[in-house]
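Structure data follow from entry39.cif (mmCIF, C-alpha atoms and all ligand atoms):
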data_run
#
loop_
_atom_site.label_atom_id
_atom_site.label_comp_id
_atom_site.auth_asym_id
_atom_site.auth_seq_id
_atom_site.Cartn_x
_atom_site.Cartn_y
_atom_site.Cartn_z
CA MET I 74 5.92 -21.57 -20.61
CA LEU I 75 6.16 -19.61 -17.37
CA GLU I 76 6.09 -21.86 -14.34
CA LEU I 77 7.43 -21.96 -10.82
CA ALA I 78 7.80 -25.62 -9.89
CA VAL I 79 8.48 -26.68 -6.31
CA ASP I 80 9.21 -30.32 -5.56
CA ASP I 81 9.72 -31.96 -2.19
CA LEU I 82 11.02 -28.69 -0.77
CA THR I 83 12.12 -28.33 2.86
CA VAL I 84 12.82 -24.81 4.12
CA SER I 85 14.57 -23.83 7.34
CA ARG I 86 15.33 -20.95 9.70
CA GLY I 87 18.53 -20.97 11.74
CA GLY I 88 19.28 -24.51 10.54
CA VAL I 89 15.95 -25.85 11.85
CA PRO I 90 13.41 -27.16 9.31
CA VAL I 91 10.20 -25.12 9.36
CA LEU I 92 8.18 -26.60 6.47
CA GLU I 93 8.96 -29.89 4.80
CA ARG I 94 8.24 -31.80 1.62
CA LEU I 95 6.23 -29.08 -0.09
CA SER I 96 5.33 -29.49 -3.74
CA PHE I 97 3.27 -27.15 -5.90
CA ARG I 98 3.14 -25.47 -9.29
CA LEU I 99 2.42 -21.85 -10.13
CA GLY I 100 1.88 -21.09 -13.81
CA GLY I 101 1.42 -17.91 -15.82
CA GLY I 102 -2.01 -16.37 -15.31
CA GLU I 103 -2.37 -17.85 -11.81
CA VAL I 104 -2.56 -16.46 -8.29
CA LEU I 105 -1.80 -18.67 -5.31
CA VAL I 106 -2.52 -17.43 -1.79
CA LEU I 107 -0.35 -18.82 1.01
CA ARG I 108 -2.23 -19.43 4.21
CA GLY I 109 -1.05 -20.53 7.63
CA PRO I 110 -0.95 -19.17 11.17
CA ASN I 111 1.69 -16.73 12.44
CA GLY I 112 5.09 -18.36 12.56
CA SER I 113 4.10 -21.26 10.30
CA GLY I 114 6.83 -20.52 7.77
CA LYS I 115 5.26 -18.47 4.96
CA THR I 116 8.01 -15.82 5.05
CA THR I 117 10.67 -18.53 5.19
CA LEU I 118 9.15 -20.21 2.13
CA LEU I 119 8.95 -16.93 0.17
CA ARG I 120 12.54 -15.98 1.07
CA THR I 121 13.73 -19.39 -0.09
CA LEU I 122 11.83 -19.15 -3.38
CA ALA I 123 13.26 -15.65 -3.90
CA GLY I 124 16.78 -17.08 -3.58
CA LEU I 125 17.56 -15.17 -0.37
CA GLN I 126 18.35 -18.39 1.49
CA PRO I 127 19.15 -21.91 0.30
CA PRO I 128 16.60 -24.73 0.51
CA MET I 129 17.36 -27.43 3.06
CA ALA I 130 16.20 -30.11 0.62
CA GLY I 131 14.20 -30.43 -2.57
CA ARG I 132 14.01 -28.52 -5.84
CA ILE I 133 12.85 -25.11 -7.02
CA SER I 134 12.76 -24.52 -10.74
CA LEU I 135 11.84 -21.27 -12.39
CA PRO I 136 12.86 -19.22 -15.40
CA PRO I 137 15.91 -16.97 -14.89
CA GLU I 138 15.29 -13.39 -13.73
CA ALA I 139 11.64 -14.20 -13.17
CA ILE I 140 11.11 -13.19 -9.56
CA ALA I 141 10.11 -9.88 -8.02
CA TYR I 142 10.07 -10.19 -4.23
CA GLY I 143 8.03 -7.80 -2.12
CA ALA I 144 9.12 -8.19 1.47
CA HIS I 145 7.94 -6.72 4.76
CA ALA I 146 10.53 -3.94 4.47
CA ASP I 147 9.66 -1.66 1.62
CA GLY I 148 13.30 -1.10 0.60
CA LEU I 149 12.82 2.53 -0.36
CA LYS I 150 15.59 5.10 -0.85
CA ALA I 151 14.60 7.61 1.84
CA THR I 152 15.96 10.80 0.31
CA LEU I 153 14.80 10.12 -3.26
CA THR I 154 11.33 11.24 -4.31
CA VAL I 155 8.57 8.80 -5.21
CA ALA I 156 9.24 9.26 -8.94
CA GLU I 157 13.01 9.02 -8.44
CA ASN I 158 12.63 5.78 -6.51
CA LEU I 159 10.61 4.25 -9.33
CA ALA I 160 13.00 5.58 -11.98
CA PHE I 161 15.90 4.06 -10.03
CA TRP I 162 14.32 0.59 -10.08
CA ALA I 163 13.19 0.98 -13.68
CA ARG I 164 16.81 1.65 -14.67
CA ILE I 165 18.03 -1.40 -12.76
CA HIS I 166 15.46 -3.70 -14.28
CA GLY I 167 15.28 -2.39 -17.80
CA THR I 168 13.12 -0.10 -19.80
CA ARG I 169 9.75 0.03 -18.08
CA GLU I 170 7.85 3.29 -17.84
CA ILE I 171 7.14 4.64 -14.36
CA GLU I 172 3.93 6.53 -15.23
CA PRO I 173 1.62 3.47 -15.24
CA ALA I 174 3.01 2.45 -11.84
CA LEU I 175 2.36 5.97 -10.45
CA ASP I 176 -1.17 5.86 -11.88
CA ASP I 177 -2.04 2.37 -10.70
CA PHE I 178 -1.01 3.02 -7.09
CA ASN I 179 -2.44 6.54 -6.91
CA LEU I 180 0.97 8.13 -6.47
CA GLN I 181 0.84 10.95 -9.04
CA SER I 182 0.08 13.65 -6.46
CA LEU I 183 2.98 12.36 -4.32
CA ARG I 184 5.52 11.96 -7.11
CA ASN I 185 7.81 14.77 -5.91
CA ARG I 186 7.69 13.91 -2.21
CA ALA I 187 10.75 12.28 -0.61
CA ALA I 188 10.08 8.68 0.37
CA GLN I 189 11.04 9.46 3.97
CA ASN I 190 8.11 11.91 4.19
CA LEU I 191 5.46 9.42 3.13
CA SER I 192 2.97 7.85 5.51
CA ALA I 193 3.22 4.11 6.20
CA GLY I 194 0.48 3.27 3.73
CA GLN I 195 1.94 5.59 1.07
CA LYS I 196 5.34 3.93 1.53
CA ARG I 197 3.71 0.58 1.08
CA ARG I 198 2.00 1.75 -2.13
CA LEU I 199 5.37 2.88 -3.47
CA GLY I 200 6.93 -0.47 -2.52
CA LEU I 201 4.17 -2.26 -4.45
CA ALA I 202 4.41 0.13 -7.43
CA ARG I 203 8.02 -1.00 -7.71
CA LEU I 204 6.75 -4.47 -8.72
CA LEU I 205 5.31 -2.96 -11.88
CA VAL I 206 8.57 -1.35 -12.98
CA THR I 207 10.59 -4.54 -12.48
CA GLY I 208 8.84 -6.15 -15.44
CA ARG I 209 9.37 -9.49 -13.66
CA PRO I 210 6.66 -12.10 -14.30
CA ILE I 211 6.47 -13.88 -10.92
CA TRP I 212 5.58 -11.77 -7.89
CA LEU I 213 6.32 -13.21 -4.45
CA LEU I 214 4.54 -11.04 -1.91
CA ASP I 215 4.75 -11.18 1.87
CA GLU I 216 1.78 -9.52 3.58
CA PRO I 217 1.50 -6.87 0.85
CA THR I 218 -1.55 -5.15 2.32
CA VAL I 219 -0.08 -4.24 5.72
CA SER I 220 -0.78 -0.50 6.41
CA LEU I 221 -3.05 -0.18 3.35
CA ASP I 222 -6.53 1.32 3.64
CA GLN I 223 -9.45 -0.34 1.88
CA ALA I 224 -9.13 1.80 -1.26
CA SER I 225 -5.44 0.92 -1.55
CA VAL I 226 -6.15 -2.78 -1.00
CA THR I 227 -8.50 -2.53 -3.98
CA LEU I 228 -5.79 -0.82 -6.07
CA PHE I 229 -3.39 -3.59 -5.14
CA ALA I 230 -5.88 -6.35 -6.01
CA ASP I 231 -6.55 -4.64 -9.35
CA ALA I 232 -2.79 -4.54 -10.06
CA VAL I 233 -2.49 -8.27 -9.35
CA ARG I 234 -5.48 -8.99 -11.58
CA ALA I 235 -3.94 -6.99 -14.45
CA HIS I 236 -0.57 -8.70 -13.91
CA VAL I 237 -2.00 -12.21 -14.20
CA ALA I 238 -4.28 -11.19 -17.08
CA ALA I 239 -1.08 -10.23 -18.93
CA GLY I 240 0.37 -13.71 -18.26
CA GLY I 241 2.17 -13.02 -14.98
CA ALA I 242 1.83 -15.00 -11.75
CA ALA I 243 1.67 -14.15 -8.06
CA LEU I 244 2.27 -16.06 -4.84
CA ILE I 245 0.90 -14.02 -1.96
CA ALA I 246 1.12 -14.61 1.80
CA THR I 247 -1.82 -12.78 3.30
CA HIS I 248 -4.32 -13.08 6.12
CA ILE I 249 -6.97 -10.99 4.37
CA ASP I 250 -9.41 -11.82 1.60
CA LEU I 251 -8.21 -10.01 -1.52
CA ARG I 252 -11.27 -11.06 -3.53
CA LEU I 253 -9.03 -12.44 -6.25
CA GLU I 254 -9.65 -15.54 -8.25
CA ALA I 255 -6.92 -17.56 -6.60
CA GLY I 256 -5.86 -20.98 -5.47
CA ILE I 257 -5.20 -21.45 -1.76
CA PHE I 258 -2.10 -23.21 -0.50
CA ASP I 259 -2.30 -23.97 3.22
CA VAL I 260 1.19 -24.57 4.61
CA GLY I 261 -0.21 -26.02 7.87
CA PRO I 262 0.02 -29.70 6.86
CA PHE I 263 3.70 -29.26 5.93
CA LYS I 264 4.87 -28.06 9.34
CA ALA I 265 8.17 -29.75 10.11
CA ASP I 266 8.41 -32.04 13.10
CA PRO I 267 10.99 -30.39 15.38
CA ASP I 268 11.60 -33.69 17.18
CA ALA I 269 12.43 -35.60 14.01
CA PRO I 270 16.09 -36.60 13.79
CA ALA I 271 18.08 -34.30 11.52
CA ARG I 272 18.63 -35.69 8.05
CA THR I 273 22.14 -34.36 7.83
CA PRO I 274 24.42 -33.75 10.78
CA SER I 275 24.80 -30.08 11.64
CA PRO I 276 28.13 -28.59 12.78
CA PHE I 277 26.63 -28.61 16.27
CA ASP I 278 26.14 -32.40 16.14
CA GLU I 279 29.66 -32.91 14.88
CA ALA I 280 31.11 -30.83 17.67
CA PHE I 281 29.47 -33.06 20.26
CA ALA I 282 29.80 -36.43 18.49
N1 LIG F 1 16.37 -15.78 12.26
C1 LIG F 1 15.64 -16.80 12.73
N2 LIG F 1 16.25 -17.82 13.37
C2 LIG F 1 15.54 -18.86 13.84
N3 LIG F 1 14.21 -18.97 13.74
C3 LIG F 1 13.56 -18.00 13.10
C4 LIG F 1 14.24 -16.86 12.56
N4 LIG F 1 13.31 -16.06 12.00
C5 LIG F 1 12.12 -16.67 12.15
N5 LIG F 1 12.25 -17.83 12.83
C6 LIG F 1 11.19 -18.79 13.19
O1 LIG F 1 10.83 -19.51 12.00
C7 LIG F 1 9.44 -19.82 12.03
C8 LIG F 1 8.79 -19.40 10.71
O2 LIG F 1 8.74 -17.99 10.64
P1 LIG F 1 8.13 -17.22 9.38
O3 LIG F 1 8.49 -15.78 9.54
O4 LIG F 1 8.55 -17.91 8.14
O5 LIG F 1 6.55 -17.45 9.61
P2 LIG F 1 5.28 -16.77 8.89
O6 LIG F 1 4.37 -17.89 8.51
O7 LIG F 1 5.74 -15.87 7.79
O8 LIG F 1 4.65 -15.95 10.08
P3 LIG F 1 3.71 -14.59 10.10
O9 LIG F 1 2.33 -15.00 9.63
O10 LIG F 1 3.73 -14.24 11.56
O11 LIG F 1 4.39 -13.57 9.24
C9 LIG F 1 8.85 -19.13 13.25
O12 LIG F 1 8.68 -20.09 14.27
C10 LIG F 1 9.91 -18.10 13.64
O13 LIG F 1 9.90 -17.86 15.02
#
Please express what this file holds, its structure, as structure tokens.
Amino acid sequence: MLELAVDDLTVSRGGVPVLERLSFRLGGGEVLVLRGPNGSGKTTLLRTLAGLQPPMAGRISLPPEAIAYGAHADGLKATLTVAENLAFWARIHGTREIEPALDDFNLQSLRNRAAQNLSAGQKRRLGLARLLVTGRPIWLLDEPTVSLDQASVTLFADAVRAHVAAGGAALIATHIDLRLEAGIFDVGPFKADPDAPARTPSPFDEAFA
């Protein structure tokens, strides 16, 4: 059974706790939207869940090789074409076809254009199309609709809907209403208290002890 389970998780930036004691579950077929004001820690949480930084405390459990992380930076290979970029990621991740990804993000007419010559919104569409070729079941998405026009937002929402209908899951930090059937997880109540005494001494504390 596909599930991302988060228990009593504290996440940090630069050694300072940002969100603390979070617990939630995300199962196959579910979308969870992360809400919270700018700087509240949504990116920090997603980076921690993606394994890009260690948790400060608590547990994250998920199936191996389950995560596809879509970050602010699109991570495109500038000199490769749209189709070559997708083929590159398809090879890394396995056997997935690139044609459905080109279709779903309206990239067929751009397939032979170098990524560096795409507009901001087109680059973003390519970055999102990459999710489809990873074949990974859990999508962690950080502001996926930045630079997208309304039609592309709809394409993206449709792709998420199809992904969860096929048993996948998505955790999405966004400030806009995607009109998806989704749970809402507001990180606001989990804001760490910066004045609380540190649970474990940092190297800084030791140096001045
Ligand atoms: N490298 C860093 N070192 C120290 N603090 C950082 C670093 N990067 C971010 N922060 C701080 O960590 C906090 C959480 O930032 P984060 O990017 O996770 O918020 P967010 O909820 O994703 O914000 P937004 O909605 O603006 O994208 C912010 O106060 C930010 O200033």
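Going from atom CA of I:Leu135 over to atom CA of I:Leu118, you cover 14.8 Å.
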Give me, as CSV, each residue of chain I that comes within 8 Å of ligand LIG 1 (chain F), together with its shortest interatomic pair and the distance in Å at one decimal, counting all atoms listed in the file, with rows ordered by chain and rising residue number.
residue,atom,partner,partner_atom,distance
I:Ser85,CA,F:LIG1,O1,7.4
I:Arg86,CA,F:LIG1,N3,4.6
I:Gly87,CA,F:LIG1,N2,4.2
I:Gly88,CA,F:LIG1,C2,7.5
I:Val89,CA,F:LIG1,C2,7.3
I:Val91,CA,F:LIG1,C7,6.0
I:Gly109,CA,F:LIG1,O6,6.1
I:Pro110,CA,F:LIG1,O9,5.5
I:Asn111,CA,F:LIG1,O10,3.3
I:Gly112,CA,F:LIG1,O5,3.4
I:Ser113,CA,F:LIG1,O6,3.8
I:Gly114,CA,F:LIG1,O4,3.1
I:Lys115,CA,F:LIG1,O6,3.7
I:Thr116,CA,F:LIG1,O7,3.6
I:Thr117,CA,F:LIG1,O4,3.7
I:Leu118,CA,F:LIG1,O4,6.5
I:Asp215,CA,F:LIG1,O7,7.6
I:Glu216,CA,F:LIG1,O11,7.4
I:Ala246,CA,F:LIG1,O7,7.7
I:Thr247,CA,F:LIG1,O9,7.9
I:His248,CA,F:LIG1,O9,7.8
* Quick one: residues within 9 Å of I:Pro90, only C-alpha atoms counted, chain neighbours fewer than 5 positions away excluded, as a PyMOL selection string? -> chain I and resi 83-85+129+264-267+271
* Which residue, I:Val260, I:Ala188, I:Leu213, I:Leu125, has the smallest gap to I:Thr152 when you use only C-alpha atoms? -> I:Ala188
* **atom CA of I:Asn179 to atom CA of I:Leu251, distance in Å rounded to a single decimal** =>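 Atom CA of I:Leu251 lies at a distance of 18.3 Å from atom CA of I:Asn179.
Nearest residue to I:Ala239 among I:Glu93, I:Glu157, I:Glu103, I:Glu138 is I:Glu103, counting only C-alpha atoms.
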* For the atom pair atom CA of I:Glu170 and atom CA of I:Ala202, what is the interatomic distance in Å to one decimal place? -> 11.4 Å
* To do: Using all atoms listed in the file, pick whichever of I:Ala130, I:Leu201, I:Ala187, I:Ile257 has the shortest atom-to-atom distance to I:Ala230.
  =>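 Closest to I:Ala230, using all atoms listed in the file: I:Leu201.
Around I:Arg197, within 8 Å and counting only C-alpha atoms, the residues found are Asp147, Ala193, Gly194, Gln195, Leu199, Gly200, Leu201, Pro217, Thr218, Val219, Ser220 and Leu221 of chain I, once anything fewer than 2 positions away on its own chain is removed.
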* **Using all atoms listed in the file: which of I:Phe97, I:Leu77, I:Gln223, I:Asp177 has the shortest distance to I:Gly256** =>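 Distance minimum relative to I:Gly256 lands on I:Phe97.
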* Asked: So which one's closest to I:Ser96, I:Leu75, I:Pro262, I:His166, I:Gln181? Using only C-alpha atoms, please.
  ->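 Smallest distance to I:Ser96 is found for I:Pro262.
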* Asked: Which of these, I:Arg198, I:Leu107, I:Ile211, I:Leu204, has the shortest distance to I:Val226 once you count all atoms listed in the file?
  ->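 Smallest distance to I:Val226 is found for I:Arg198.
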* Excluding same-chain residues fewer than 6 positions from I:Arg209, what lies within 7 Å of it counting all atoms listed in the file, as JSON, numbers by chain? -> {"I": [139, 140, 141]}
If I only have part of stretch 139-154 of chain I, can you fill in N, CA and C atoms and write it as a PDB file, in the coordinates of the input?
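The resulting file, part-v5.pdb, is shown below:
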ATOM      1  N   ALA I 139      13.105 -14.217 -13.104  1.00  0.00           N
ATOM      2  CA  ALA I 139      11.640 -14.200 -13.170  1.00  0.00           C
ATOM      3  C   ALA I 139      10.991 -13.560 -11.944  1.00  0.00           C
ATOM      4  N   ILE I 140      11.732 -13.499 -10.842  1.00  0.00           N
ATOM      5  CA  ILE I 140      11.110 -13.190  -9.560  1.00  0.00           C
ATOM      6  C   ILE I 140      11.212 -11.715  -9.171  1.00  0.00           C
ATOM      7  N   ALA I 141      10.099 -11.159  -8.726  1.00  0.00           N
ATOM      8  CA  ALA I 141      10.110  -9.880  -8.020  1.00  0.00           C
ATOM      9  C   ALA I 141       9.600 -10.166  -6.609  1.00  0.00           C
ATOM     10  N   TYR I 142      10.420  -9.857  -5.618  1.00  0.00           N
ATOM     11  CA  TYR I 142      10.070 -10.190  -4.230  1.00  0.00           C
ATOM     12  C   TYR I 142       9.685  -8.918  -3.486  1.00  0.00           C
ATOM     13  N   GLY I 143       8.482  -8.922  -2.932  1.00  0.00           N
ATOM     14  CA  GLY I 143       8.030  -7.800  -2.120  1.00  0.00           C
ATOM     15  C   GLY I 143       8.001  -8.220  -0.671  1.00  0.00           C
ATOM     16  N   ALA I 144       8.970  -7.731   0.096  1.00  0.00           N
ATOM     17  CA  ALA I 144       9.120  -8.190   1.470  1.00  0.00           C
ATOM     18  C   ALA I 144       8.427  -7.245   2.439  1.00  0.00           C
ATOM     19  N   HIS I 145       8.495  -7.584   3.724  1.00  0.00           N
ATOM     20  CA  HIS I 145       7.940  -6.720   4.760  1.00  0.00           C
ATOM     21  C   HIS I 145       8.517  -5.309   4.658  1.00  0.00           C
ATOM     22  N   ALA I 146       9.866  -5.247   4.586  1.00  0.00           N
ATOM     23  CA  ALA I 146      10.530  -3.940   4.470  1.00  0.00           C
ATOM     24  C   ALA I 146      10.322  -3.432   3.055  1.00  0.00           C
ATOM     25  N   ASP I 147       9.986  -2.174   2.940  1.00  0.00           N
ATOM     26  CA  ASP I 147       9.660  -1.660   1.620  1.00  0.00           C
ATOM     27  C   ASP I 147      10.887  -1.390   0.751  1.00  0.00           C
ATOM     28  N   GLY I 148      12.069  -1.262   1.377  1.00  0.00           N
ATOM     29  CA  GLY I 148      13.300  -1.100   0.600  1.00  0.00           C
ATOM     30  C   GLY I 148      13.345   0.180  -0.213  1.00  0.00           C
ATOM     31  N   LEU I 149      12.839   1.259   0.364  1.00  0.00           N
ATOM     32  CA  LEU I 149      12.820   2.530  -0.360  1.00  0.00           C
ATOM     33  C   LEU I 149      14.093   3.323  -0.087  1.00  0.00           C
ATOM     34  N   LYS I 150      14.460   4.169  -1.050  1.00  0.00           N
ATOM     35  CA  LYS I 150      15.590   5.100  -0.850  1.00  0.00           C
ATOM     36  C   LYS I 150      15.001   6.366  -0.243  1.00  0.00           C
ATOM     37  N   ALA I 151      15.307   6.611   1.041  1.00  0.00           N
ATOM     38  CA  ALA I 151      14.600   7.610   1.840  1.00  0.00           C
ATOM     39  C   ALA I 151      14.655   9.019   1.265  1.00  0.00           C
ATOM     40  N   THR I 152      15.803   9.406   0.723  1.00  0.00           N
ATOM     41  CA  THR I 152      15.960  10.800   0.310  1.00  0.00           C
ATOM     42  C   THR I 152      15.515  11.039  -1.131  1.00  0.00           C
ATOM     43  N   LEU I 153      15.293   9.963  -1.889  1.00  0.00           N
ATOM     44  CA  LEU I 153      14.800  10.120  -3.260  1.00  0.00           C
ATOM     45  C   LEU I 153      13.286  10.329  -3.225  1.00  0.00           C
ATOM     46  N   THR I 154      12.776  11.059  -4.212  1.00  0.00           N
ATOM     47  CA  THR I 154      11.330  11.240  -4.310  1.00  0.00           C
ATOM     48  C   THR I 154      10.683   9.933  -4.779  1.00  0.00           C
TER      49      THR I 154
END
